[in-house]
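Colleague: Take this structure, written in C-alpha cells, and hold onto it; I'll ask about it next.
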Amino acid sequence: MAAVLIAVIAGLAVWNLKPMPAKVVTRTVINLPPGDQLAVPDYPEIALSPDGSQLAYVAIRGNSRQIYLRPMDGFDARAVAGTEGATAPFFSPDGQSLGFFAVGKLKRVSVSGGASQTLGDAAVPGGASWSNRGSIVFGDASGVPLRQVPDTGGVPRRLSPIPNGEGVNLLPDFLPDGETVLLGVGSATEARIGAESVRTGKRRNLLSDAADPKYLTSGHLLFVQGGTLMAVPFDPSRLSMTGTAVRVVENVIENPFTLVAQYTVSANGSLAYVPGGIQRGRRLAWVTRNGMEQALAIPPRAYDSPRISPDGKRVAVSIDGQIWLCDLSRGTLTRFTFDGNANNRPVWTPDGKRIAFYSNKEGILNLFWQLADGSGGLERLISLFKFRSRSLPTGNGWHFKT
C-alpha cells in the first residue's frame with residue numbers, strides 16, 4: 001500500500017480551541033524501515049500510548065505481520081513478541097499492555113512482549129477500547145453488537161442489540177466515566193457517530209456523516225469526514241456538542257467501506273496519523289507468475305476476498321457486505337446476495353454449482369451456501385458460534401474437499 005510513513009504532531013493546535021496557555025506545536029514524520037509496509041488499512045493499525053511516549057503500529061516484514069513499538073524519543077522500532085498476525089492494536093490505560101486482534105480472537109500482551117493472553121472470540125476486527133475500570137469493549141465487523149469483556153479474560157457480554165437496518169457498530173472509544181463509549185454506526189452509505197452506556201444499554205445519536213470517533217481530554221470530540229480530521233467541543237457528561245466543528249488535519253487515510261481512519265491521539269495532546277486521504281476502492285487484476293498485472297475491465301470498488309470459479313469464467317467477490325459475481329468474459333458485475341449486511345469470504349464448491357460464504361442473515365455470523373445461478377434460498381451449513389472450544393475461521397481458513 002502507499003502508506004509508508006506516519007506523521008506525528010505533538011501539541012496540536014486543536015488543543016488550543018478553548019482558552020489555555022499557548023503551546024508549542026512540533027511536527028515530525030516517521031518513515032518505516034526499508035522493506036517494511038504498514039498493514040492494509042481496513043482496520044486501525046496505529047496507536048499512541050496514553051502518555052504519548054510510545055507508538056504502536058502493525059507492519060508487514062517479509063511474510064510476517066506483527067506489532068512494532070517505537071519510543072517517541074528514540075529512532076528504532078522493535079517487534080513485540082507474541083503479536084504475530086496481529087491487527088488493530090490499542091493500549092491499556094497505564095500503557096503497560098497492548099490489546100489486539102489475531103486469528104479470530106481478542107488478545108493482550110505486555111509491551112515488553114512474551115506470551116499473549118486470549119480474552120475472547122472476535123471473528124472480524126472492529127476496533128476496541130480499554131477502560132479505566134478493567135474492561136474492554138470491542139466491535140466485530142461481522143455484524144454482531146459491541147461486546148464487553150474483563151481485561152483479565154472471560155466470556156464476552158453483548159451490549160444492546162443493533163437496531164434493524166442500522167448496520168455495523170464499530171470503533172468504540174471510552175469516555176472518562178468508564179461507562180459510556182463513543183462508537184461508529186452504519187455502513188459506507190450511511191455513517192454516523194453514537195454513544196452507548198455499557199451499563200444500561202441506552203444509546204444516543206450524536207453526529208451524522210461522520211466516522212471513527214475519539215474523545216480528547218481537552219473536551220473535544222474528534223471524528224473523520226471525507227478524509228479530513230475534525231474536532232468539535234463536546235460535553236461528555238451531557239453527551240452534547242457545545243460548539244462548532246473545525247478542521248484539524250486534512251488528507252488522513254480513511255476507508256469509507258470499513259469506516260476506519262488511520263489516526264490516533266494520546267491523553268497528553270499528541271496526534272499520529274497516516275496521510276493519504278479517502279480510499280475509494282480497489283481494482284481486480286490478473287497477475288502472472290512473473291508479477292505482471294493486468295486490471296479487469298470493471299470499475300474500482302471495495303472488493304474483498306475474490307475467488308475464481310472452478311471453470312475460470314467467473315469471480316465471486318465481496319463488496320461492502322454483499323457477494324457479487326463478476327463475469328470475466330463480459331466484464332460485468334451481478335449482485336448475488338441480498339440478505340444481511342455482512343456477507344463475505346465466498347468459496348466455490350469443486351463442481352462450481354454452489355457458493356459458500358459467511359453471512360449475518362440470521363443476526364449472527366454463520367456459514368451458508370446457495371446455488372451459483374442465484375436460484376433457491378440460502379441454506380445454513382453450520383453455526384460457527386456454537387464451537388467455543390475451537391478458533392473461529394479467519395480469512396479463508398476453510399475449504400471444500402473434492
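Note on naming: chains are A, B, ... as they come in the C-alpha cells, residues start from 1 per chain, ligands start from 1 in the order shown.
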Find the residues around A:Leu69 up to 7 Å (only C-alpha atoms counted), leave out those fewer than 3 positions away in its own chain, and share them as a list in words.
Modeller: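 Here the qualifying residues turn out to be Gln54, Leu55, Ala56, Tyr57, Ala77, Arg78, Ala79 and Val80 of chain A.
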Colleague: Just the selected residues (C-alpha atoms), exported as a CSV table (one decimal), in the first residue's frame, please.
Modeller:
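Here's the written file result23.csv:
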chain,number,residue,atom,x,y,z
A,54,GLN,CA,5.2,5.1,22.5
A,55,LEU,CA,3.7,4.5,19.1
A,56,ALA,CA,2.5,1.0,18.2
A,57,TYR,CA,1.9,0.1,14.6
A,77,ALA,CA,11.1,0.3,16.5
A,78,ARG,CA,11.1,-3.2,17.8
A,79,ALA,CA,8.8,-6.1,17.1
A,80,VAL,CA,6.6,-7.1,20.1
Colleague: Compile the contact shell of A:Arg61 as a CSV table (one decimal) with C-alpha atoms, in the first residue's frame: residues with an atom at most 10 Å away, counting only C-alpha atoms, same-chain residues fewer than 4 positions apart removed.
Modeller:
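What follows is the written file selection.csv:
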chain,number,residue,atom,x,y,z
A,33,PRO,CA,12.4,0.8,7.8
A,34,PRO,CA,13.2,-0.2,4.2
A,35,GLY,CA,11.2,-3.3,3.2
A,36,ASP,CA,8.5,-2.7,5.9
A,37,GLN,CA,5.0,-2.0,4.9
A,38,LEU,CA,2.2,-0.6,7.0
A,39,ALA,CA,-0.6,-3.1,7.1
A,65,ARG,CA,2.8,-9.4,10.2
A,66,GLN,CA,3.4,-8.1,13.7
Colleague: A:Glu179: which residues within 12 Å, counting only C-alpha atoms, same-chain residues fewer than 3 positions away excluded, as a VMD selection string?
Modeller: chain A and resid 129 to 137 148 159 172 to 176 182 195 to 202 236 to 237
Colleague: Pick out each residue of stretch 192-270 of chain A that DSSP on the backbone tags as strand (DSSP E); I need them as a PyMOL selection string.
Modeller: chain A and resi 192-197+203-208+211-216+220-225+228-235+240-241+246-249+254-255+260-261+263-265+270
Colleague: I'd like the neighbourhood of A:Gly120 as an MDAnalysis selection string, where a residue qualifies if any of its atoms comes within 9 Å (using only C-alpha atoms), though same-chain residues fewer than 6 positions away should be ignored.
Modeller: chainID A and resid 104:107 149 153:156
Colleague: Give me the residues near A:Ala141 as a PyMOL selection string, where near means some atom within 12 Å (using only C-alpha atoms) and where sequence neighbours in that chain fewer than 4 positions away do not count.
Modeller: chain A and resi 42-43+104+122-128+145-147+167-171+184-187+257-260+320-321+341-344+358-360+364-365
Colleague: Can you write out the residues you just picked, keeping N, CA and C atoms, as a compact mmCIF listing (two decimals), in the first residue's frame?
Modeller:
# COMPACT_ATOMS: atom_id res chain seq x y z
N ASP A 42 -7.61 -1.59 6.41
CA ASP A 42 -9.01 -1.92 6.62
C ASP A 42 -9.39 -1.79 8.09
N TYR A 43 -8.37 -1.86 8.95
CA TYR A 43 -8.57 -1.80 10.40
C TYR A 43 -7.65 -0.73 10.98
N GLY A 104 -8.97 -14.66 14.87
CA GLY A 104 -10.33 -14.76 15.36
C GLY A 104 -10.49 -14.54 16.84
N ALA A 122 -13.41 -13.02 18.59
CA ALA A 122 -13.68 -11.81 17.80
C ALA A 122 -13.46 -12.17 16.35
N ALA A 123 -14.53 -12.51 15.64
CA ALA A 123 -14.41 -13.05 14.28
C ALA A 123 -13.74 -12.08 13.32
N VAL A 124 -14.24 -10.84 13.25
CA VAL A 124 -13.71 -9.85 12.32
C VAL A 124 -13.40 -8.57 13.10
N PRO A 125 -12.14 -8.14 13.15
CA PRO A 125 -11.77 -6.99 13.99
C PRO A 125 -12.62 -5.76 13.72
N GLY A 126 -13.07 -5.12 14.81
CA GLY A 126 -13.88 -3.92 14.68
C GLY A 126 -13.46 -2.82 15.63
N GLY A 127 -12.18 -2.85 16.07
CA GLY A 127 -11.70 -1.81 16.97
C GLY A 127 -12.06 -2.11 18.42
N ALA A 128 -11.31 -1.53 19.36
CA ALA A 128 -11.54 -1.80 20.79
C ALA A 128 -11.06 -0.61 21.62
N PRO A 145 -23.39 -7.10 17.80
CA PRO A 145 -23.29 -5.87 18.60
C PRO A 145 -21.92 -5.75 19.27
N LEU A 146 -21.66 -4.55 19.81
CA LEU A 146 -20.47 -4.37 20.63
C LEU A 146 -20.49 -5.36 21.78
N ARG A 147 -19.28 -5.78 22.21
CA ARG A 147 -19.19 -6.70 23.33
C ARG A 147 -18.19 -6.18 24.35
N GLY A 167 -26.89 -1.47 10.55
CA GLY A 167 -25.58 -1.88 10.07
C GLY A 167 -24.64 -2.18 11.22
N VAL A 168 -23.34 -2.09 10.97
CA VAL A 168 -22.35 -2.49 11.96
C VAL A 168 -22.15 -1.43 13.03
N ASN A 169 -21.70 -1.87 14.21
CA ASN A 169 -21.29 -0.98 15.30
C ASN A 169 -19.80 -1.23 15.55
N LEU A 170 -18.96 -0.21 15.32
CA LEU A 170 -17.53 -0.40 15.33
C LEU A 170 -16.80 0.71 16.08
N LEU A 171 -15.50 0.50 16.30
CA LEU A 171 -14.56 1.53 16.76
C LEU A 171 -15.01 2.24 18.03
N GLY A 184 -18.78 4.12 16.13
CA GLY A 184 -19.16 4.37 14.76
C GLY A 184 -20.32 3.47 14.39
N VAL A 185 -21.29 4.02 13.68
CA VAL A 185 -22.52 3.31 13.36
C VAL A 185 -22.77 3.37 11.86
N GLY A 186 -23.30 2.28 11.30
CA GLY A 186 -23.80 2.32 9.93
C GLY A 186 -22.94 1.57 8.95
N SER A 187 -22.93 2.07 7.72
CA SER A 187 -22.22 1.43 6.63
C SER A 187 -21.61 2.50 5.75
N PHE A 257 -15.42 2.13 3.46
CA PHE A 257 -16.17 0.88 3.47
C PHE A 257 -16.10 0.19 4.83
N THR A 258 -14.99 0.38 5.55
CA THR A 258 -14.89 -0.17 6.90
C THR A 258 -15.06 0.90 7.96
N LEU A 259 -15.20 2.18 7.55
CA LEU A 259 -15.41 3.32 8.44
C LEU A 259 -14.21 3.57 9.34
N VAL A 260 -13.03 3.16 8.90
CA VAL A 260 -11.81 3.29 9.69
C VAL A 260 -10.93 4.40 9.11
N ASP A 320 -18.63 -4.41 0.02
CA ASP A 320 -19.40 -3.68 1.03
C ASP A 320 -20.48 -4.56 1.67
N GLY A 321 -20.09 -5.77 2.07
CA GLY A 321 -21.00 -6.62 2.83
C GLY A 321 -21.91 -7.50 2.00
N ASN A 341 -26.12 -7.81 6.10
CA ASN A 341 -25.22 -6.73 5.66
C ASN A 341 -23.75 -7.09 5.88
N ALA A 342 -23.49 -8.38 6.17
CA ALA A 342 -22.11 -8.83 6.36
C ALA A 342 -21.96 -10.20 5.69
N ASN A 343 -21.92 -10.20 4.36
CA ASN A 343 -21.71 -11.42 3.59
C ASN A 343 -20.30 -11.37 3.01
N ASN A 344 -19.48 -12.38 3.33
CA ASN A 344 -18.06 -12.28 2.97
C ASN A 344 -17.44 -13.66 2.84
N TYR A 358 -19.71 -16.61 4.59
CA TYR A 358 -20.20 -16.18 5.89
C TYR A 358 -21.31 -15.16 5.68
N SER A 359 -22.33 -15.18 6.56
CA SER A 359 -23.40 -14.20 6.48
C SER A 359 -24.02 -13.99 7.86
N ASN A 360 -24.46 -12.75 8.11
CA ASN A 360 -25.21 -12.46 9.34
C ASN A 360 -26.70 -12.36 9.04
N ILE A 364 -26.42 -13.31 13.60
CA ILE A 364 -25.03 -13.53 13.94
C ILE A 364 -24.34 -14.20 12.76
N LEU A 365 -23.02 -14.16 12.76
CA LEU A 365 -22.26 -14.69 11.64
C LEU A 365 -22.32 -16.21 11.61
Colleague: Which polymer residues have any atom within 9 Å of an atom of stretch 369-374 of chain A, counting only C-alpha atoms, with same-chain residues fewer than 5 positions away left out, as a list in words?
Modeller: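 That gives Phe336, Thr337, Pro346, Trp348, Gly352, Lys353, Arg354, Ile355, Ala356, Phe357, Tyr358, Glu379, Arg380 and Leu381 of chain A.
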Colleague: Expressed in Å to a single decimal, how great is the separation between atom CA of A:Ala245 and atom CA of A:Pro233?
Modeller: 7.2 Å
